[in-house]
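Student: File coords_21.cif below, mmCIF, C-alpha atoms:
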data_start
#
loop_
_atom_site.label_atom_id
_atom_site.label_comp_id
_atom_site.auth_asym_id
_atom_site.auth_seq_id
_atom_site.Cartn_x
_atom_site.Cartn_y
_atom_site.Cartn_z
CA MET F 1 0.00 0.00 0.00
CA LEU F 2 1.24 3.46 -0.89
CA THR F 3 2.20 5.34 2.26
CA LYS F 4 1.37 8.91 3.21
CA ARG F 5 4.36 11.18 2.97
CA ILE F 6 5.77 13.50 5.64
CA ILE F 7 7.72 16.35 4.08
CA PRO F 8 9.77 18.83 6.07
CA CYS F 9 10.18 22.11 4.23
CA LEU F 10 13.39 24.04 4.56
CA ASP F 11 13.24 27.70 3.62
CA ILE F 12 16.62 28.78 2.37
CA LYS F 13 18.09 32.26 2.50
CA ASP F 14 21.76 32.85 1.66
CA GLY F 15 22.47 29.15 2.03
CA ARG F 16 20.87 28.83 5.48
CA THR F 17 17.45 27.57 6.53
CA VAL F 18 14.89 29.98 7.85
CA LYS F 19 11.20 29.74 8.56
CA GLY F 20 8.84 32.64 8.23
CA VAL F 21 5.86 32.75 10.52
CA ASN F 22 2.95 33.87 8.33
CA PHE F 23 5.65 34.55 5.69
CA LEU F 24 7.01 37.61 7.46
CA ASP F 25 9.13 37.18 10.56
CA LEU F 26 12.19 35.07 9.70
CA ARG F 27 14.21 32.90 12.08
CA ASP F 28 17.42 30.94 11.46
CA ALA F 29 17.26 27.18 11.87
CA GLY F 30 20.51 25.66 10.64
CA ASP F 31 22.48 24.30 7.72
CA PRO F 32 20.24 22.90 4.96
CA VAL F 33 22.41 19.87 4.19
CA GLU F 34 22.87 18.83 7.81
CA LEU F 35 19.22 19.40 8.57
CA GLY F 36 18.15 17.53 5.44
CA LYS F 37 20.30 14.53 6.29
CA ARG F 38 19.00 14.47 9.83
CA TYR F 39 15.42 14.52 8.59
CA ALA F 40 16.12 11.72 6.11
CA ASP F 41 17.61 9.58 8.87
CA GLU F 42 14.67 10.30 11.15
CA GLY F 43 12.21 9.09 8.53
CA ALA F 44 11.25 12.08 6.40
CA ASP F 45 9.87 10.76 3.10
CA GLU F 46 10.88 13.73 0.99
CA LEU F 47 12.26 17.20 1.49
CA VAL F 48 11.37 20.55 0.00
CA PHE F 49 13.98 23.29 -0.21
CA LEU F 50 12.48 26.67 -0.89
CA ASP F 51 14.89 29.42 -1.83
CA ILE F 52 13.27 32.61 -0.61
CA THR F 53 16.02 34.92 -1.79
CA ALA F 54 16.18 33.56 -5.32
CA THR F 55 17.53 36.68 -6.97
CA HIS F 56 19.52 36.20 -10.15
CA GLU F 57 22.84 36.86 -8.40
CA LYS F 58 22.06 34.16 -5.85
CA ARG F 59 21.15 31.58 -8.47
CA LYS F 60 24.66 30.15 -8.57
CA THR F 61 24.73 29.76 -4.80
CA LEU F 62 21.48 27.82 -5.00
CA ILE F 63 22.79 25.49 -7.71
CA GLU F 64 25.86 24.80 -5.58
CA LEU F 65 23.68 24.09 -2.58
CA VAL F 66 21.47 21.75 -4.61
CA ASN F 67 24.58 19.92 -5.75
CA ARG F 68 25.69 19.53 -2.15
CA ILE F 69 22.24 18.34 -1.05
CA ALA F 70 22.13 15.76 -3.85
CA LEU F 71 25.54 14.44 -2.84
CA ASN F 72 24.43 13.89 0.73
CA LEU F 73 20.79 12.95 0.53
CA ASN F 74 19.26 9.66 -0.58
CA ILE F 75 15.59 10.49 -0.46
CA PRO F 76 13.76 12.56 -3.10
CA PHE F 77 13.86 16.32 -2.82
CA THR F 78 12.15 19.28 -4.43
CA VAL F 79 13.66 22.69 -4.99
CA GLY F 80 11.56 25.83 -5.39
CA GLY F 81 11.81 29.57 -5.29
CA GLY F 82 12.17 32.05 -8.10
CA ILE F 83 11.90 29.51 -10.93
CA SER F 84 10.63 31.28 -14.02
CA SER F 85 11.96 29.41 -17.05
CA VAL F 86 12.67 25.98 -18.50
CA GLU F 87 16.39 26.86 -18.19
CA ASP F 88 16.04 27.39 -14.42
CA VAL F 89 14.40 23.97 -14.17
CA SER F 90 17.01 22.31 -16.30
CA ALA F 91 19.84 23.72 -14.15
CA LEU F 92 18.23 22.52 -10.92
CA LEU F 93 17.44 19.04 -12.23
CA ASN F 94 20.96 18.73 -13.59
CA ALA F 95 22.31 19.70 -10.18
CA GLY F 96 20.43 16.70 -8.76
CA ALA F 97 16.99 17.92 -7.70
CA ASP F 98 14.26 15.30 -8.24
CA LYS F 99 11.45 17.80 -8.59
CA ILE F 100 11.05 21.51 -8.88
CA SER F 101 8.32 23.64 -7.44
CA ILE F 102 6.93 26.69 -9.17
CA ASN F 103 4.43 29.20 -7.89
CA SER F 104 4.11 32.76 -9.18
CA ALA F 105 5.60 31.91 -12.57
CA ALA F 106 2.86 29.34 -13.16
CA VAL F 107 0.17 31.98 -12.61
CA LYS F 108 1.91 34.50 -14.85
CA HIS F 109 2.74 31.97 -17.55
CA PRO F 110 0.58 28.84 -17.26
CA GLU F 111 2.19 27.44 -20.43
CA LEU F 112 5.43 27.11 -18.45
CA VAL F 113 3.86 24.21 -16.53
CA SER F 114 3.18 22.36 -19.79
CA GLU F 115 6.62 23.15 -21.15
CA ILE F 116 8.36 21.76 -18.07
CA ALA F 117 6.07 18.73 -17.97
CA SER F 118 6.61 17.84 -21.60
CA ARG F 119 10.35 18.32 -21.43
CA PHE F 120 11.12 16.68 -18.07
CA GLY F 121 7.94 14.77 -17.21
CA SER F 122 5.00 15.63 -14.96
CA GLN F 123 6.57 13.73 -12.07
CA CYS F 124 9.04 16.55 -11.47
CA VAL F 125 6.56 19.43 -11.58
CA VAL F 126 5.17 20.50 -8.24
CA VAL F 127 3.02 23.59 -8.41
CA ALA F 128 2.81 25.47 -5.13
CA VAL F 129 -0.43 27.34 -4.61
CA ASP F 130 -0.83 29.85 -1.79
CA ALA F 131 -4.47 30.64 -1.17
CA LYS F 132 -6.54 32.55 1.34
CA ASN F 133 -10.17 32.15 2.20
CA ILE F 134 -11.78 35.57 1.76
CA ASN F 135 -15.54 35.79 2.16
CA VAL F 136 -16.00 32.07 1.47
CA ALA F 137 -13.95 32.18 -1.75
CA TRP F 138 -10.44 30.77 -1.85
CA LYS F 139 -8.26 33.28 -3.70
CA VAL F 140 -4.81 32.47 -5.07
CA PHE F 141 -1.97 34.75 -3.91
CA LEU F 142 1.44 35.40 -5.44
CA ASN F 143 4.92 36.39 -4.31
CA GLY F 144 4.88 34.63 -0.97
CA GLY F 145 1.39 35.81 -0.19
CA ARG F 146 1.87 39.48 -0.93
CA ILE F 147 -0.18 39.84 -4.11
CA GLU F 148 -3.79 38.85 -4.45
CA THR F 149 -4.98 37.51 -7.81
CA GLU F 150 -8.41 37.05 -9.31
CA LEU F 151 -7.82 33.30 -9.58
CA LEU F 152 -9.96 30.96 -7.54
CA LEU F 153 -8.12 28.04 -5.97
CA GLU F 154 -10.47 25.35 -7.25
CA ASP F 155 -10.38 26.59 -10.85
CA TRP F 156 -6.64 26.96 -10.68
CA VAL F 157 -5.87 23.44 -9.46
CA LYS F 158 -8.12 21.93 -12.14
CA GLN F 159 -6.31 23.96 -14.77
CA LEU F 160 -2.94 22.94 -13.35
CA GLU F 161 -3.83 19.27 -13.64
CA LYS F 162 -4.73 19.79 -17.31
CA LEU F 163 -1.49 21.67 -17.92
CA GLY F 164 0.49 18.68 -16.71
CA ALA F 165 1.37 19.49 -13.10
CA GLY F 166 2.51 16.40 -11.22
CA GLU F 167 1.52 17.49 -7.73
CA ILE F 168 -0.19 20.39 -6.01
CA LEU F 169 1.35 21.87 -2.89
CA PHE F 170 -1.52 23.76 -1.31
CA THR F 171 -0.71 26.25 1.44
CA SER F 172 -3.59 27.83 3.26
CA MET F 173 -2.54 31.33 4.26
CA ASN F 174 -5.33 31.39 6.84
CA HIS F 175 -3.73 28.43 8.58
CA ASP F 176 -0.02 28.94 7.92
CA GLY F 177 1.87 29.78 11.10
CA THR F 178 -1.16 29.30 13.36
CA LYS F 179 -0.34 25.74 14.46
CA ASN F 180 -4.09 25.12 14.65
CA GLY F 181 -4.25 22.44 11.97
CA PHE F 182 -4.43 22.21 8.18
CA ALA F 183 -7.28 23.51 5.99
CA CYS F 184 -8.87 20.07 5.89
CA GLU F 185 -12.21 20.92 4.33
CA GLU F 186 -10.69 22.74 1.40
CA LEU F 187 -7.98 20.10 1.09
CA ALA F 188 -10.62 17.39 0.73
CA ARG F 189 -12.51 19.45 -1.82
CA ILE F 190 -9.54 19.93 -4.13
CA SER F 191 -8.32 16.40 -3.49
CA ASP F 192 -11.63 15.03 -4.81
CA MET F 193 -11.53 17.39 -7.76
CA ILE F 194 -8.20 16.35 -9.25
CA SER F 195 -6.39 13.06 -9.68
CA ILE F 196 -2.85 14.23 -9.01
CA PRO F 197 -1.43 14.14 -5.48
CA VAL F 198 -2.15 17.00 -3.11
CA ILE F 199 0.36 18.05 -0.46
CA ALA F 200 -1.14 19.77 2.57
CA SER F 201 0.73 22.75 3.92
CA GLY F 202 0.15 25.41 6.54
CA GLY F 203 -1.07 24.97 10.09
CA ALA F 204 0.72 21.92 11.49
CA GLY F 205 1.04 22.18 15.25
CA LYS F 206 0.28 18.75 16.70
CA PRO F 207 0.54 15.15 15.46
CA GLU F 208 -3.28 15.00 15.40
CA HIS F 209 -3.27 17.65 12.69
CA PHE F 210 -1.40 15.31 10.37
CA VAL F 211 -3.94 12.55 10.97
CA GLU F 212 -6.71 15.01 10.07
CA ALA F 213 -4.91 16.12 6.91
CA PHE F 214 -4.75 12.50 5.70
CA THR F 215 -8.25 11.44 6.80
CA LYS F 216 -10.57 14.47 6.70
CA GLY F 217 -8.34 16.34 4.24
CA LYS F 218 -7.64 13.30 1.98
CA ALA F 219 -4.12 14.64 1.41
CA ASP F 220 -1.43 12.40 -0.06
CA ALA F 221 1.36 14.13 1.80
CA ALA F 222 1.76 16.75 4.50
CA LEU F 223 4.40 19.43 4.67
CA ALA F 224 5.57 21.38 7.69
CA ALA F 225 8.56 23.41 8.73
CA SER F 226 8.88 25.06 12.15
CA VAL F 227 7.33 22.21 14.15
CA PHE F 228 10.14 20.04 12.81
CA HIS F 229 12.93 22.62 12.90
CA PHE F 230 12.30 23.50 16.53
CA LYS F 231 11.71 19.87 17.49
CA GLU F 232 8.19 20.47 18.68
CA ILE F 233 7.38 17.33 16.72
CA GLU F 234 9.99 14.63 16.08
CA ILE F 235 9.44 12.90 12.76
CA LYS F 236 10.01 9.46 14.27
CA ASP F 237 7.40 10.04 16.96
CA LEU F 238 5.00 11.52 14.43
CA LYS F 239 5.26 8.49 12.15
CA ASN F 240 4.79 6.06 15.02
CA TYR F 241 1.74 8.01 16.06
CA LEU F 242 0.35 7.98 12.51
CA ALA F 243 0.89 4.21 12.30
CA GLN F 244 -1.02 3.76 15.57
CA GLN F 245 -3.83 5.80 14.04
CA GLN F 246 -3.96 3.38 11.09
CA ILE F 247 -2.43 5.81 8.62
CA PRO F 248 -0.11 3.92 6.24
CA VAL F 249 3.38 5.32 6.73
CA ARG F 250 6.94 4.19 6.20
CA LEU F 251 8.52 3.49 9.58
CA MET V 1 34.62 -1.92 -13.30
CA ILE V 2 31.10 -0.76 -12.55
CA VAL V 3 29.59 1.18 -15.42
CA VAL V 4 26.50 3.37 -15.09
CA ILE V 5 25.21 3.82 -18.61
CA ASP V 6 24.60 7.43 -19.57
CA TYR V 7 22.22 7.65 -22.51
CA GLY V 8 20.86 11.12 -21.89
CA MET V 9 17.84 10.06 -19.86
CA GLY V 10 17.89 12.04 -16.66
CA ASN V 11 20.40 12.91 -14.00
CA LEU V 12 22.56 9.98 -13.01
CA GLY V 13 24.25 11.79 -10.15
CA SER V 14 22.11 10.17 -7.51
CA VAL V 15 23.05 6.70 -8.77
CA ALA V 16 26.75 7.57 -8.79
CA ASN V 17 26.42 9.09 -5.30
CA ILE V 18 24.83 6.07 -3.71
CA ILE V 19 27.42 3.77 -5.26
CA LYS V 20 30.10 5.94 -3.66
CA LYS V 21 28.22 5.94 -0.38
CA VAL V 22 28.19 2.14 -0.20
CA GLY V 23 31.92 2.10 -0.78
CA HIS V 24 32.41 1.55 -4.51
CA THR V 25 33.43 3.59 -7.48
CA CYS V 26 31.74 3.70 -10.85
CA THR V 27 32.15 5.19 -14.27
CA VAL V 28 29.20 7.09 -15.70
CA THR V 29 29.58 6.90 -19.46
CA SER V 30 28.17 6.28 -22.90
CA ASP V 31 31.57 5.13 -24.22
CA LEU V 32 31.05 1.78 -25.94
CA SER V 33 34.54 0.45 -25.20
CA LEU V 34 34.09 1.17 -21.48
CA ILE V 35 30.65 -0.44 -21.49
CA ASP V 36 32.19 -3.45 -23.19
CA LYS V 37 34.81 -3.78 -20.44
CA ALA V 38 32.36 -3.44 -17.54
CA GLY V 39 32.17 -6.13 -14.89
CA LYS V 40 28.77 -4.84 -13.81
CA LEU V 41 26.30 -2.62 -15.58
CA ILE V 42 23.63 -0.28 -14.30
CA LEU V 43 20.99 1.09 -16.65
CA PRO V 44 19.03 3.87 -14.90
CA GLY V 45 16.82 6.38 -16.66
CA VAL V 46 13.84 8.65 -16.35
CA GLY V 47 11.73 9.68 -19.32
CA SER V 48 9.69 8.18 -22.10
CA PHE V 49 10.17 4.70 -23.56
CA ASP V 50 10.76 5.73 -27.19
CA ASN V 51 13.23 8.45 -26.23
CA GLY V 52 15.14 5.93 -24.19
CA MET V 53 15.26 3.32 -26.98
CA GLU V 54 16.09 5.92 -29.61
CA ASN V 55 19.07 7.09 -27.56
CA LEU V 56 20.30 3.58 -26.83
CA ASN V 57 20.04 2.66 -30.51
CA ARG V 58 21.55 5.88 -31.83
CA LEU V 59 24.52 5.70 -29.47
CA GLY V 60 25.13 2.05 -30.38
CA ILE V 61 24.63 1.07 -26.76
CA SER V 62 21.78 -1.40 -27.44
CA GLU V 63 24.02 -3.66 -29.48
CA VAL V 64 27.04 -3.63 -27.15
CA MET V 65 24.87 -4.02 -24.09
CA THR V 66 22.88 -6.89 -25.57
CA LYS V 67 26.08 -8.77 -26.33
CA LYS V 68 27.38 -8.14 -22.81
CA VAL V 69 24.15 -9.20 -21.18
CA LEU V 70 23.06 -12.14 -23.32
CA GLN V 71 26.44 -13.62 -24.32
CA ASP V 72 28.92 -12.58 -21.62
CA LYS V 73 26.23 -12.77 -18.91
CA THR V 74 27.47 -9.57 -17.29
CA PRO V 75 25.23 -8.71 -14.32
CA ILE V 76 23.02 -5.73 -15.08
CA LEU V 77 20.63 -3.74 -12.94
CA GLY V 78 17.91 -1.74 -14.67
CA ILE V 79 16.09 0.99 -12.80
CA CYS V 80 12.75 2.57 -13.67
CA LEU V 81 12.82 3.36 -17.41
CA GLY V 82 16.09 1.42 -17.67
CA ALA V 83 14.27 -1.71 -16.47
CA GLN V 84 11.23 -1.10 -18.68
CA LEU V 85 13.48 -0.96 -21.75
CA MET V 86 14.62 -4.53 -21.02
CA LEU V 87 11.16 -5.89 -21.91
CA GLU V 88 9.67 -6.39 -25.37
CA ALA V 89 7.59 -3.24 -25.77
CA SER V 90 5.64 -0.55 -23.97
CA GLU V 91 2.18 0.96 -24.31
CA GLU V 92 3.93 4.29 -23.92
CA GLY V 93 5.81 3.98 -27.19
CA LYS V 94 6.10 2.37 -30.60
CA LEU V 95 9.71 1.22 -30.66
CA PRO V 96 10.61 -2.35 -29.70
CA GLY V 97 12.39 -2.77 -26.38
CA LEU V 98 15.66 -4.62 -25.77
CA ASN V 99 13.64 -7.82 -25.44
CA TRP V 100 15.85 -9.55 -22.88
CA VAL V 101 12.93 -10.51 -20.67
CA LYS V 102 9.53 -11.55 -22.00
CA GLY V 103 6.81 -9.09 -21.17
CA LYS V 104 5.41 -5.65 -21.86
CA VAL V 105 5.13 -2.34 -20.09
CA ILE V 106 1.52 -1.28 -19.56
CA LYS V 107 -0.26 1.70 -18.06
CA PHE V 108 -1.95 1.29 -14.69
CA ARG V 109 -5.52 0.20 -15.29
CA PHE V 110 -7.90 0.55 -12.42
CA THR V 111 -11.39 -0.89 -12.28
CA GLU V 112 -14.38 1.01 -10.90
CA SER V 113 -13.67 -0.11 -7.35
CA GLN V 114 -10.09 1.15 -7.58
CA ILE V 115 -10.94 4.48 -9.15
CA ASN V 116 -9.35 6.58 -6.42
CA GLN V 117 -5.80 5.58 -7.21
CA ARG V 118 -3.81 8.47 -8.54
CA ILE V 119 -1.46 8.24 -11.50
CA PRO V 120 1.52 8.47 -11.38
CA HIS V 121 2.05 6.04 -8.56
CA MET V 122 4.29 8.31 -6.51
CA GLY V 123 5.79 7.80 -3.09
CA TRP V 124 7.01 5.06 -0.80
CA ASN V 125 5.41 1.66 -1.16
CA GLN V 126 5.98 -1.81 0.16
CA VAL V 127 8.02 -4.25 -1.91
CA ASP V 128 7.41 -7.97 -1.35
CA VAL V 129 10.32 -10.12 -2.39
CA LYS V 130 9.07 -13.23 -4.21
CA LYS V 131 12.25 -15.12 -4.79
CA GLN V 132 15.84 -15.40 -3.74
CA ASN V 133 18.04 -12.68 -5.24
CA PRO V 134 21.32 -11.30 -3.94
CA ALA V 135 20.03 -7.72 -4.24
CA PHE V 136 17.69 -8.41 -1.33
CA ASN V 137 20.13 -10.28 0.93
CA ASN V 138 19.65 -9.35 4.61
CA MET V 139 16.91 -6.92 3.63
CA TYR V 140 15.09 -5.07 6.43
CA GLU V 141 11.63 -6.24 7.35
CA ASN V 142 8.77 -4.81 5.25
CA PRO V 143 11.07 -2.91 2.91
CA LYS V 144 9.67 0.24 1.36
CA PHE V 145 11.00 1.92 -1.75
CA TYR V 146 10.37 5.17 -3.57
CA PHE V 147 8.28 4.87 -6.74
CA VAL V 148 7.33 7.35 -9.40
CA HIS V 149 5.78 5.89 -12.55
CA SER V 150 2.61 5.58 -14.60
CA TYR V 151 3.52 2.38 -16.45
CA HIS V 152 4.47 -0.97 -14.96
CA PHE V 153 5.91 -4.33 -16.02
CA GLN V 154 3.59 -7.09 -17.17
CA LEU V 155 5.78 -10.18 -17.34
CA ASP V 156 4.94 -13.22 -19.46
CA ASN V 157 6.57 -15.66 -17.04
CA GLU V 158 5.60 -15.45 -13.43
CA ALA V 159 8.95 -17.03 -12.56
CA ASP V 160 10.66 -13.79 -13.64
CA THR V 161 8.88 -11.76 -10.97
CA LEU V 162 11.34 -10.68 -8.30
CA THR V 163 9.13 -8.36 -6.28
CA THR V 164 5.50 -7.36 -6.20
CA THR V 165 3.83 -4.18 -4.99
CA GLU V 166 0.22 -3.29 -4.33
CA TYR V 167 -1.22 -0.19 -5.95
CA GLY V 168 -4.87 -0.62 -6.76
CA TYR V 169 -3.84 -4.16 -7.63
CA GLU V 170 -0.73 -6.23 -7.27
CA PHE V 171 1.87 -5.74 -10.00
CA SER V 172 5.43 -6.95 -10.58
CA SER V 173 7.65 -4.14 -9.31
CA GLY V 174 10.86 -6.05 -9.98
CA PHE V 175 12.06 -8.87 -12.20
CA SER V 176 15.11 -11.06 -12.44
CA LYS V 177 16.26 -13.59 -14.96
CA GLU V 178 19.74 -15.02 -14.69
CA ASN V 179 22.14 -12.03 -14.77
CA ILE V 180 19.36 -9.50 -15.48
CA THR V 181 17.62 -7.60 -12.70
CA GLY V 182 15.08 -4.82 -13.16
CA MET V 183 13.39 -2.57 -10.61
CA GLN V 184 10.56 -0.14 -11.15
CA PHE V 185 11.31 1.70 -7.90
CA HIS V 186 14.33 3.91 -7.27
CA PRO V 187 16.74 2.31 -4.80
CA GLU V 188 19.00 5.38 -5.09
CA LYS V 189 16.20 7.43 -3.56
CA SER V 190 15.15 4.85 -0.99
CA HIS V 191 17.45 5.59 1.93
CA LYS V 192 18.70 2.53 3.88
CA TYR V 193 16.68 0.03 1.82
CA GLY V 194 18.13 1.32 -1.40
CA MET V 195 21.67 1.51 -0.09
CA LEU V 196 21.45 -2.15 0.83
CA VAL V 197 20.18 -3.08 -2.64
CA TYR V 198 23.10 -1.31 -4.31
CA LYS V 199 25.62 -2.76 -1.86
CA ASN V 200 24.22 -6.25 -2.43
CA PHE V 201 24.16 -5.92 -6.21
CA LEU V 202 27.69 -4.55 -6.36
CA GLU V 203 29.13 -7.12 -3.97
CA SER V 204 27.32 -10.24 -5.20
#
Can the structure in the file be given as C-alpha cells, please?
Tutor:
Amino acid sequence: MLTKRIIPCLDIKDGRTVKGVNFLDLRDAGDPVELGKRYADEGADELVFLDITATHEKRKTLIELVNRIALNLNIPFTVGGGISSVEDVSALLNAGADKISINSAAVKHPELVSEIASRFGSQCVVVAVDAKNINVAWKVFLNGGRIETELLLEDWVKQLEKLGAGEILFTSMNHDGTKNGFACEELARISDMISIPVIASGGAGKPEHFVEAFTKGKADAALAASVFHFKEIEIKDLKNYLAQQQIPVRL
Amino acid sequence: MIVVIDYGMGNLGSVANIIKKVGHTCTVTSDLSLIDKAGKLILPGVGSFDNGMENLNRLGISEVMTKKVLQDKTPILGICLGAQLMLEASEEGKLPGLNWVKGKVIKFRFTESQINQRIPHMGWNQVDVKKQNPAFNNMYENPKFYFVHSYHFQLDNEADTLTTTEYGYEFSSGFSKENITGMQFHPEKSHKYGMLVYKNFLES
C-alpha cells in the first residue's frame, strides 16, 4: 500500500534555513544539508527546499547548494523559489533535484507548466499554490502571499492538472503559522476534484493535525517546517503516532 | 569496473552518489569500449520509452549491451525506465524494447472499485520479495521503496517476478532472470533500503 508522505520544508536564505511565521518574521534554523540529512535519517519521506532569496545573483549559490544536497541525501527532494523558465528547471534538475516547485511563474505563464512537464515529465513538476479564504472564496496569492490575484483556488488546481502538473502543494494562508491544523475541508474538496497528489501545507502544530490532513483532508502528503525545525514534533514520533492511528506510513 | 550507462535520460548523479556511499566507485559513461569492459552494468533512466530506446540505438549502446548481457552474462541492474526498456515493448511507445525478458510495459488500469488511485504512482510503497536474489540479501523487514511511474511491467513468465507491490492491484515491481535484474522503484532514492540493494548488487 502506498504510504502517506511526511515532508519537512526548509526555507533557504543565503544558504541557510529559515522559517517565516505567516511569511514575514524570519528565524534561522541551521544548515540545509545537515538538517536535510537528519530529517532523512529520522524518517522524512521527501524534502522541499524553498529558496526565498532567489535573486539572479544568488542563483549560482542555490545550484551549488542543490549539488551539495544531492551528494548527501538519498531520499527525493524538491527545490523551489524564483523559478521562471525551463532553463532554471534544467539547471536545478541537472544539479540533482528530483522535482522543482513553481508558484508565481505558473500563474503569470501557465504554459510554463506544460513546457516543463513535456520536457522533463510531470513527475518533477510540483506547483505550489498559496491561497486565502476571503468571504468564502479561496483566492490564489502570489509572491509569498503578498499579491492577491483574481484566480480561484479550485479553478486553478483543475487547470494545473490539465497543464500537466505532477503534484499540487496547497498552502492555506489562513492556517499557515497558526499551528491550529491544516485547511482540511478545502484540502478534501480539491483532493476530490483532481487526480494528481495534493500536499497539505500550513497549520501543522500537533501530530493529530497530520492525521486530520490525511483522513478528513484526503491529502497524499503533508508538509511542515517550524514544528520540525524547533523539534516540537519529532518525525520518528510523528510516524509512530500515525501508524497507531492506522495511517499507512513508512517506519 | 562498474559502469553506469549514460544515454541522456535524466540525472545519473544520484546513482553515482549512492554507489560511492556504499563504498564503490563507478564510471558514468556512454563510451562503448568502457561499457564493453564493464564487470557490472547499471541502466538507470527517467523519461519516455521511445526516447530511451532511440538514444540507446543511436549511441550504439543497445548492441554492445545486448552482447554483454546475453552472451557474456554480465550482471546488469535496470532501474525505472532502464528496467522497462529490457522488456519487449511498452504501451507508452512504438519502438521495440531490448527484449531480454519476455513481457510488456503497460499503463496502470484501475477498475471502478479502484478508481481513487492516482497516476503516477508516486511515493514510498511496500516491496514484497518473491524469490531469492542477492540484491535483497539481509533486507530489512517490510522494505519500502520510492516509486514514481505511470507504467508498470507485465511479465509473461511469473517465474521472472522478483518483487510485487500493491497499488490498486498487485503488480510486478521487480524482475530477475539469470544475470538480469530490473526494478521499477528507485533504490538510489530509498534511503537505507536502497543503499542495501546497491551494496548487495555490487558485492554479489
Student: Excluding region 166-168 of chain F and residues on its chain fewer than 4 positions from it, collect all residues at most 12 Å away from it, counting all atoms listed in the file, and give them as a short mmCIF file (atom, residue, chain, number, x, y, z; two decimals) with C-alpha atoms, in the coordinates of the input.
Tutor:
data_model
loop_
_atom_site.label_atom_id
_atom_site.label_comp_id
_atom_site.auth_asym_id
_atom_site.auth_seq_id
_atom_site.Cartn_x
_atom_site.Cartn_y
_atom_site.Cartn_z
CA THR F 78 12.15 19.28 -4.43
CA LYS F 99 11.45 17.80 -8.59
CA ILE F 100 11.05 21.51 -8.88
CA SER F 101 8.32 23.64 -7.44
CA ILE F 102 6.93 26.69 -9.17
CA ASN F 103 4.43 29.20 -7.89
CA ALA F 106 2.86 29.34 -13.16
CA VAL F 113 3.86 24.21 -16.53
CA SER F 114 3.18 22.36 -19.79
CA ILE F 116 8.36 21.76 -18.07
CA ALA F 117 6.07 18.73 -17.97
CA SER F 118 6.61 17.84 -21.60
CA PHE F 120 11.12 16.68 -18.07
CA GLY F 121 7.94 14.77 -17.21
CA SER F 122 5.00 15.63 -14.96
CA GLN F 123 6.57 13.73 -12.07
CA CYS F 124 9.04 16.55 -11.47
CA VAL F 125 6.56 19.43 -11.58
CA VAL F 126 5.17 20.50 -8.24
CA VAL F 127 3.02 23.59 -8.41
CA ALA F 128 2.81 25.47 -5.13
CA VAL F 129 -0.43 27.34 -4.61
CA ASP F 130 -0.83 29.85 -1.79
CA LEU F 153 -8.12 28.04 -5.97
CA GLU F 154 -10.47 25.35 -7.25
CA TRP F 156 -6.64 26.96 -10.68
CA VAL F 157 -5.87 23.44 -9.46
CA LYS F 158 -8.12 21.93 -12.14
CA GLN F 159 -6.31 23.96 -14.77
CA LEU F 160 -2.94 22.94 -13.35
CA GLU F 161 -3.83 19.27 -13.64
CA LYS F 162 -4.73 19.79 -17.31
CA LEU F 187 -7.98 20.10 1.09
CA ILE F 190 -9.54 19.93 -4.13
CA SER F 191 -8.32 16.40 -3.49
CA MET F 193 -11.53 17.39 -7.76
CA ILE F 194 -8.20 16.35 -9.25
CA SER F 195 -6.39 13.06 -9.68
CA ILE F 196 -2.85 14.23 -9.01
CA PRO F 197 -1.43 14.14 -5.48
CA VAL F 198 -2.15 17.00 -3.11
CA ILE F 199 0.36 18.05 -0.46
CA ALA F 200 -1.14 19.77 2.57
CA SER F 201 0.73 22.75 3.92
CA ALA F 219 -4.12 14.64 1.41
CA ASP F 220 -1.43 12.40 -0.06
CA ALA F 221 1.36 14.13 1.80
CA ALA F 222 1.76 16.75 4.50
CA LEU F 223 4.40 19.43 4.67
CA ARG V 118 -3.81 8.47 -8.54
CA ILE V 119 -1.46 8.24 -11.50
CA PRO V 120 1.52 8.47 -11.38
CA HIS V 121 2.05 6.04 -8.56
CA MET V 122 4.29 8.31 -6.51
CA GLY V 123 5.79 7.80 -3.09
CA VAL V 148 7.33 7.35 -9.40
CA HIS V 149 5.78 5.89 -12.55
CA SER V 150 2.61 5.58 -14.60
#
Student: Report the residues retrieved by the PyMOL selection byres ((chain V and resi 132-139) around 6) from the displayed file, expressed as a list of chain:residue names.
Tutor: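 Checking the PyMOL selection byres ((chain V and resi 132-139) around 6) against this file, the residues are V:Lys131, V:Tyr140, V:Val197, V:Asn200, V:Phe201.
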Student: I need the output of the PyMOL selection byres ((chain V) within 8 of (chain F)) for this file as a list in words; which residues are they?
Tutor: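 This file, filtered by the PyMOL selection byres ((chain V) within 8 of (chain F)), leaves Gly10, Asn11, Gly13, Ser14, Asn17, Ile18, Gly47, Asn116, Gln117, Arg118, Ile119, Pro120, Gly123, Trp124, Asn125, Gln126, Lys144, Val148, His149, Thr165, Glu166, Tyr167, Glu188, Lys189, Ser190 and His191 of chain V.
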Student: For this structure, which residues satisfy the selection - the PyMOL selection byres ((chain V and resi 163) around 7) - when it is evaluated on the file as given? I want them as a PyMOL selection string.
Tutor: chain V and resi 127-130+161-162+164-165+172-175
Student: Quick check, in Å to one decimal: how far apart do CA of Glu112 (chain V) and CA of Gly168 (chain V) lie?
Tutor: 10.5 Å
Student: Hey, what's within 9 Å of region 244-247 of chain F if we count all atoms listed in the file and toss same-chain stuff fewer than 4 positions away? As a list in words, please?
Tutor: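 Residues near the query, excluding close chain neighbours: Thr3, Lys4, Val211, Phe214, Thr215, Lys239 and Asn240 of chain F.
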Student: So the first atom is CA of Arg38 (chain F) and the second is CA of Lys231 (chain F); what is the distance between them in Å, to one decimal place?
Tutor: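 Interatomic distance, CA of Arg38 (chain F) to CA of Lys231 (chain F): 11.9 Å.
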Student: At what distance in Å, to one decimal, does CA of Lys199 (chain V) lie from CA of Gly60 (chain V)?
Tutor: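 Interatomic distance here is 28.9 Å.
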Student: For the point (24.0, -17.2, -19.0) in the file's frame, write as a list in words all residues with an atom no more than 10 Å away, counting all atoms listed in the file.
Tutor: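 Output of the proximity query reads Val69, Leu70, Gln71, Asp72, Lys73, Thr74, Pro75, Lys177, Glu178, Asn179 and Ile180 of chain V.
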Student: From the set F:Ile235, F:Met173, F:Leu242, F:Val48, which residue has the shortest atom-to-atom contact distance to Glu208 (chain F), counting only C-alpha atoms?
Tutor: F:Leu242
Student: Got a sec: who's within 10 Å of Leu56 (chain V), counting all atoms listed in the file, leaving out chain neighbours fewer than 5 positions off, as an MDAnalysis selection string?
Tutor: chainID V and resid 5:9 30 50:51 61:65 85 98
